[in-house]
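Text of run_39.txt, listed as compact mmCIF, C-alpha atoms:
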# COMPACT_ATOMS: atom_id res chain seq x y z
CA MET A 1 -19.27 142.58 -26.27
CA LEU A 2 -18.19 139.18 -24.94
CA GLU A 3 -17.29 138.04 -28.44
CA GLU A 4 -15.18 141.20 -28.81
CA LEU A 5 -13.47 140.44 -25.51
CA GLN A 6 -12.74 136.88 -26.62
CA GLU A 7 -11.16 138.21 -29.80
CA LYS A 8 -9.08 140.69 -27.80
CA ILE A 9 -7.80 137.88 -25.59
CA ILE A 10 -6.92 135.70 -28.58
CA GLU A 11 -5.19 138.56 -30.39
CA SER A 12 -3.34 139.89 -27.32
CA PHE A 13 -1.89 136.55 -26.27
CA LYS A 14 -0.99 135.17 -29.70
CA ALA A 15 2.64 136.27 -29.40
CA VAL A 16 3.21 134.90 -25.87
CA PRO A 17 5.75 132.11 -26.40
CA TYR A 18 5.23 128.47 -25.48
CA PRO A 19 7.22 127.84 -22.27
CA GLY A 20 8.88 124.66 -23.53
CA ASP A 21 8.10 121.09 -22.54
CA GLU A 22 10.47 121.17 -19.57
CA ASN A 23 9.26 124.54 -18.24
CA ILE A 24 5.59 123.84 -17.60
CA VAL A 25 6.06 123.09 -13.89
CA GLU A 26 9.00 123.54 -11.56
CA ASN A 27 11.39 120.60 -11.77
CA LYS A 28 11.56 119.19 -8.26
CA PRO A 29 14.09 116.71 -6.89
CA TYR A 30 11.28 114.65 -5.33
CA LEU A 31 8.13 112.92 -6.54
CA ASP A 32 5.31 115.40 -7.12
CA ILE A 33 2.37 113.59 -8.66
CA GLU A 34 0.24 116.70 -9.30
CA SER A 35 3.09 118.51 -11.06
CA ASP A 36 3.83 115.43 -13.14
CA GLN A 37 0.17 115.15 -14.17
CA ILE A 38 0.07 118.83 -15.13
CA LYS A 39 3.28 118.57 -17.10
CA GLY A 40 2.05 115.46 -18.90
CA PHE A 41 -1.30 117.01 -19.79
CA PHE A 42 -0.06 120.42 -20.97
CA ARG A 43 3.19 119.29 -22.63
CA GLY A 44 3.20 120.19 -26.32
CA LYS A 45 -0.25 121.77 -26.26
CA SER A 46 -1.07 125.25 -27.45
CA TRP A 47 -3.14 127.31 -25.03
CA ARG A 48 -5.77 127.38 -27.78
CA GLU A 49 -6.20 123.60 -27.37
CA ILE A 50 -7.09 123.84 -23.68
CA THR A 51 -10.86 123.77 -23.29
CA ILE A 52 -13.13 122.91 -20.41
CA GLU A 53 -14.04 119.70 -22.22
CA ARG A 54 -10.40 118.62 -22.45
CA LEU A 55 -9.73 119.54 -18.83
CA VAL A 56 -12.78 117.67 -17.57
CA ASN A 57 -12.46 114.63 -19.83
CA ASP A 58 -8.69 114.23 -20.26
CA TYR A 59 -6.99 115.70 -17.20
CA ILE A 60 -7.07 113.27 -14.28
CA GLY A 61 -6.45 115.80 -11.49
CA ASP A 62 -8.17 118.93 -10.24
CA HIS A 63 -8.12 121.30 -13.22
CA SER A 64 -8.63 124.30 -10.94
CA ALA A 65 -5.15 123.72 -9.45
CA CYS A 66 -3.17 123.61 -12.70
CA LEU A 67 -2.24 127.29 -13.03
CA GLY A 68 -0.99 127.37 -9.44
CA PHE A 69 1.57 124.63 -10.13
CA MET A 70 2.86 126.18 -13.35
CA THR A 71 6.06 128.12 -13.75
CA PRO A 72 5.57 131.85 -14.29
CA THR A 73 6.29 131.37 -18.00
CA ALA A 74 3.76 128.56 -18.37
CA PHE A 75 1.22 130.50 -16.30
CA ARG A 76 1.49 133.46 -18.68
CA TYR A 77 1.17 131.17 -21.68
CA TYR A 78 -1.89 129.20 -20.50
CA LEU A 79 -3.70 132.10 -18.79
CA PRO A 80 -5.78 133.00 -21.89
CA SER A 81 -7.21 129.49 -22.12
CA TYR A 82 -8.57 129.81 -18.58
CA MET A 83 -9.89 133.29 -19.31
CA LEU A 84 -11.76 131.99 -22.37
CA ILE A 85 -13.07 129.02 -20.40
CA CYS A 86 -14.47 131.41 -17.80
CA ILE A 87 -16.18 133.50 -20.47
CA CYS A 88 -17.61 130.62 -22.48
CA ASN A 89 -18.16 127.97 -19.82
CA TYR A 90 -18.78 129.77 -16.54
CA THR A 91 -20.88 127.00 -14.97
CA GLU A 92 -18.66 124.16 -16.15
CA ALA A 93 -15.51 126.01 -15.09
CA ASP A 94 -16.72 125.68 -11.50
CA MET A 95 -13.71 125.96 -9.16
CA SER A 96 -11.36 126.90 -12.02
CA TYR A 97 -13.25 130.19 -12.21
CA GLU A 98 -12.81 130.96 -8.53
CA SER A 99 -9.21 129.74 -8.58
CA LEU A 100 -8.38 131.98 -11.54
CA PHE A 101 -9.75 135.05 -9.79
CA TYR A 102 -7.80 134.22 -6.66
CA LYS A 103 -4.65 134.19 -8.82
CA LEU A 104 -5.68 137.45 -10.50
CA THR A 105 -5.88 139.15 -7.09
CA ARG A 106 -2.60 140.77 -6.12
CA GLY A 107 -1.49 139.63 -2.67
CA ALA A 108 -4.01 136.81 -2.33
CA TYR A 109 -2.34 133.67 -3.62
CA SER A 110 0.61 132.81 -1.39
CA GLU A 111 2.51 133.93 1.66
CA ASP A 112 4.60 136.15 -0.60
CA GLY A 113 1.51 137.05 -2.62
CA ASP A 114 2.80 140.25 -4.18
CA SER A 115 5.97 138.53 -5.35
CA TRP A 116 4.06 135.53 -6.74
CA PHE A 117 1.70 137.87 -8.58
CA ASP A 118 4.37 140.29 -9.82
CA ILE A 119 6.57 137.54 -11.27
CA ARG A 120 3.64 136.32 -13.35
CA PHE A 121 2.20 139.64 -14.50
CA GLU A 122 4.96 142.29 -14.48
CA CYS A 123 6.39 141.35 -17.88
CA PHE A 124 3.07 141.60 -19.72
CA SER A 125 2.65 144.64 -21.94
CA ASP A 126 0.16 147.31 -20.91
CA ASP A 127 -2.03 146.15 -23.81
CA ILE A 128 -2.28 142.63 -22.36
CA LYS A 129 -2.84 144.03 -18.87
CA THR A 130 -5.68 146.15 -20.25
CA VAL A 131 -7.30 143.07 -21.79
CA ILE A 132 -6.95 141.17 -18.51
CA ALA A 133 -8.46 144.14 -16.66
CA GLU A 134 -11.38 144.28 -19.08
CA PHE A 135 -11.90 140.54 -18.59
CA VAL A 136 -11.88 140.92 -14.79
CA TRP A 137 -14.37 143.79 -14.87
CA SER A 138 -16.63 142.06 -17.40
CA MET A 139 -16.75 138.93 -15.25
CA HIS A 140 -17.60 141.13 -12.27
CA LEU A 141 -20.57 142.53 -14.17
CA LEU A 142 -21.72 139.10 -15.32
CA HIS A 143 -21.04 136.96 -12.27
CA GLY A 144 -20.05 139.18 -9.36
CA GLN A 145 -23.39 138.71 -7.65
CA ASP A 146 -22.66 134.95 -7.43
CA SER A 147 -19.69 135.44 -5.10
CA VAL A 148 -21.09 138.11 -2.78
CA SER A 149 -22.26 137.20 0.71
CA LYS A 150 -23.22 139.00 3.90
CA SER A 151 -19.81 138.21 5.36
CA ASP A 152 -17.96 139.28 2.19
CA PRO A 153 -19.95 141.90 0.25
CA ILE A 154 -17.25 142.44 -2.39
CA SER A 155 -17.15 139.90 -5.21
CA ILE A 156 -13.99 137.96 -5.99
CA GLU A 157 -13.95 139.67 -9.38
CA GLN A 158 -14.15 143.14 -7.83
CA GLN A 159 -11.47 142.22 -5.28
CA ALA A 160 -9.17 141.18 -8.14
CA PHE A 161 -9.97 144.35 -10.07
CA MET A 162 -9.29 146.66 -7.12
CA SER A 163 -6.09 144.82 -6.15
CA TYR A 164 -4.26 145.77 -9.35
CA TRP A 165 -6.26 145.80 -12.60
CA ASP A 166 -8.18 149.04 -12.02
CA GLN A 167 -5.15 151.03 -13.17
CA TYR A 168 -5.42 149.45 -16.64
CA TYR A 169 -9.12 149.77 -17.38
CA GLN A 170 -11.44 152.75 -17.29
CA VAL A 171 -14.74 151.47 -15.97
CA ASP A 172 -17.94 152.52 -17.67
CA TYR A 173 -20.30 152.43 -14.71
CA SER A 174 -23.33 152.74 -16.96
CA LEU A 175 -22.70 149.20 -18.33
CA LYS A 176 -24.79 146.39 -16.92
CA ALA A 177 -24.44 142.65 -17.36
CA GLU A 178 -27.03 142.57 -20.14
CA ASP A 179 -24.98 145.15 -22.08
CA ILE A 180 -21.98 142.84 -22.43
CA LYS A 181 -23.65 139.49 -23.13

Transcribe the structure of this file into structure tokens.
Amino acid sequence: MLEELQEKIIESFKAVPYPGDENIVENKPYLDIESDQIKGFFRGKSWREITIERLVNDYIGDHSACLGFMTPTAFRYYLPSYMLICICNYTEADMSYESLFYKLTRGAYSEDGDSWFDIRFECFSDDIKTVIAEFVWSMHLLHGQDSVSKSDPISIEQQAFMSYWDQYYQVDYSLKAEDIK
């Protein structure tokens, strides 16, 4: 099932347009080293070219922070690369995994969390939202136990799912992690 999900992600996002070289990060009137590094790394690259290997070996900053610095248009364009990284390279993704789920949780990312989230996700078609929801739920099944603690018994994946994505995906509660590997 994970291979099917990967194919759904690739197919669903293939028509999302490249944001343009000058629209990867917000243009700021002051020096912003992190934004400049992100812009330099992602400029001219297809989301299909972004792998964990490239992020770890070629990006000089914290790869888990990249999506947070991107414009809404760039975020939408590069989102599938991070989703695929999380599916294929869970361990290597490390903080990029947790960071992605924080961004996939409506109301969690910034002081105006709902606005930040809505600007990035509202223009996606229901088909893309369904694929994102399936990704979120699948990651919950596979890795949700890794982010549960006594102080926070709900996984980051389940929090993301319940914050917004549950309206786009009908959960099959009979599925277990071994069923989707």

* **Nearby residues (only C-alpha atoms) at most 6 Å from segment 91-107 of chain A, same-chain spacing under 6 positions excluded, as a count of residues only** => 6

* To do: Go ahead and compute the interatomic distance for atom CA of Met83 of chain A and atom CA of Phe135 of chain A, in Å to one decimal.
  =>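 Distance reported for this atom pair: 7.6 Å.
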
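Of the listed residues A:Glu53, A:Asp172, A:Asp127, A:Glu26, the one whose atoms come nearest to Leu67 of chain A is A:Glu26, with distances taken using only C-alpha atoms.
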
* **Long-range neighbours of Val131 of chain A as number ranges by chain, 9 Å cut-off, only C-alpha atoms, 3 positions minimum in chain** => A: 5, 8-9, 12, 126-128, 134-136, 168-169

I'd like a table as a tab-separated table: residues in segment 57-167 of chain A with an atom no more than 7 Å from segment 30-43 of chain A, each row giving the shortest atom pair and its distance in Å to one decimal, only C-alpha atoms counted, sorted by chain and rising residue number.
residue	atom	partner	partner_atom	distance
A:Tyr59	CA	A:Phe41	CA	6.4
A:Cys66	CA	A:Ile38	CA	6.3
A:Phe69	CA	A:Ser35	CA	6.4

* Using all atoms listed in the file: which of A:Ser155, A:Ser81, A:Ser147, A:Thr71 has the shortest distance to Arg120 of chain A ->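 Closest to Arg120 of chain A of all the choices is A:Thr71.
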
* Structure fact -> Separating atom CA of Pro80 of chain A from atom CA of Asp166 of chain A, to the nearest tenth of an Å, is a gap of 19.0 Å
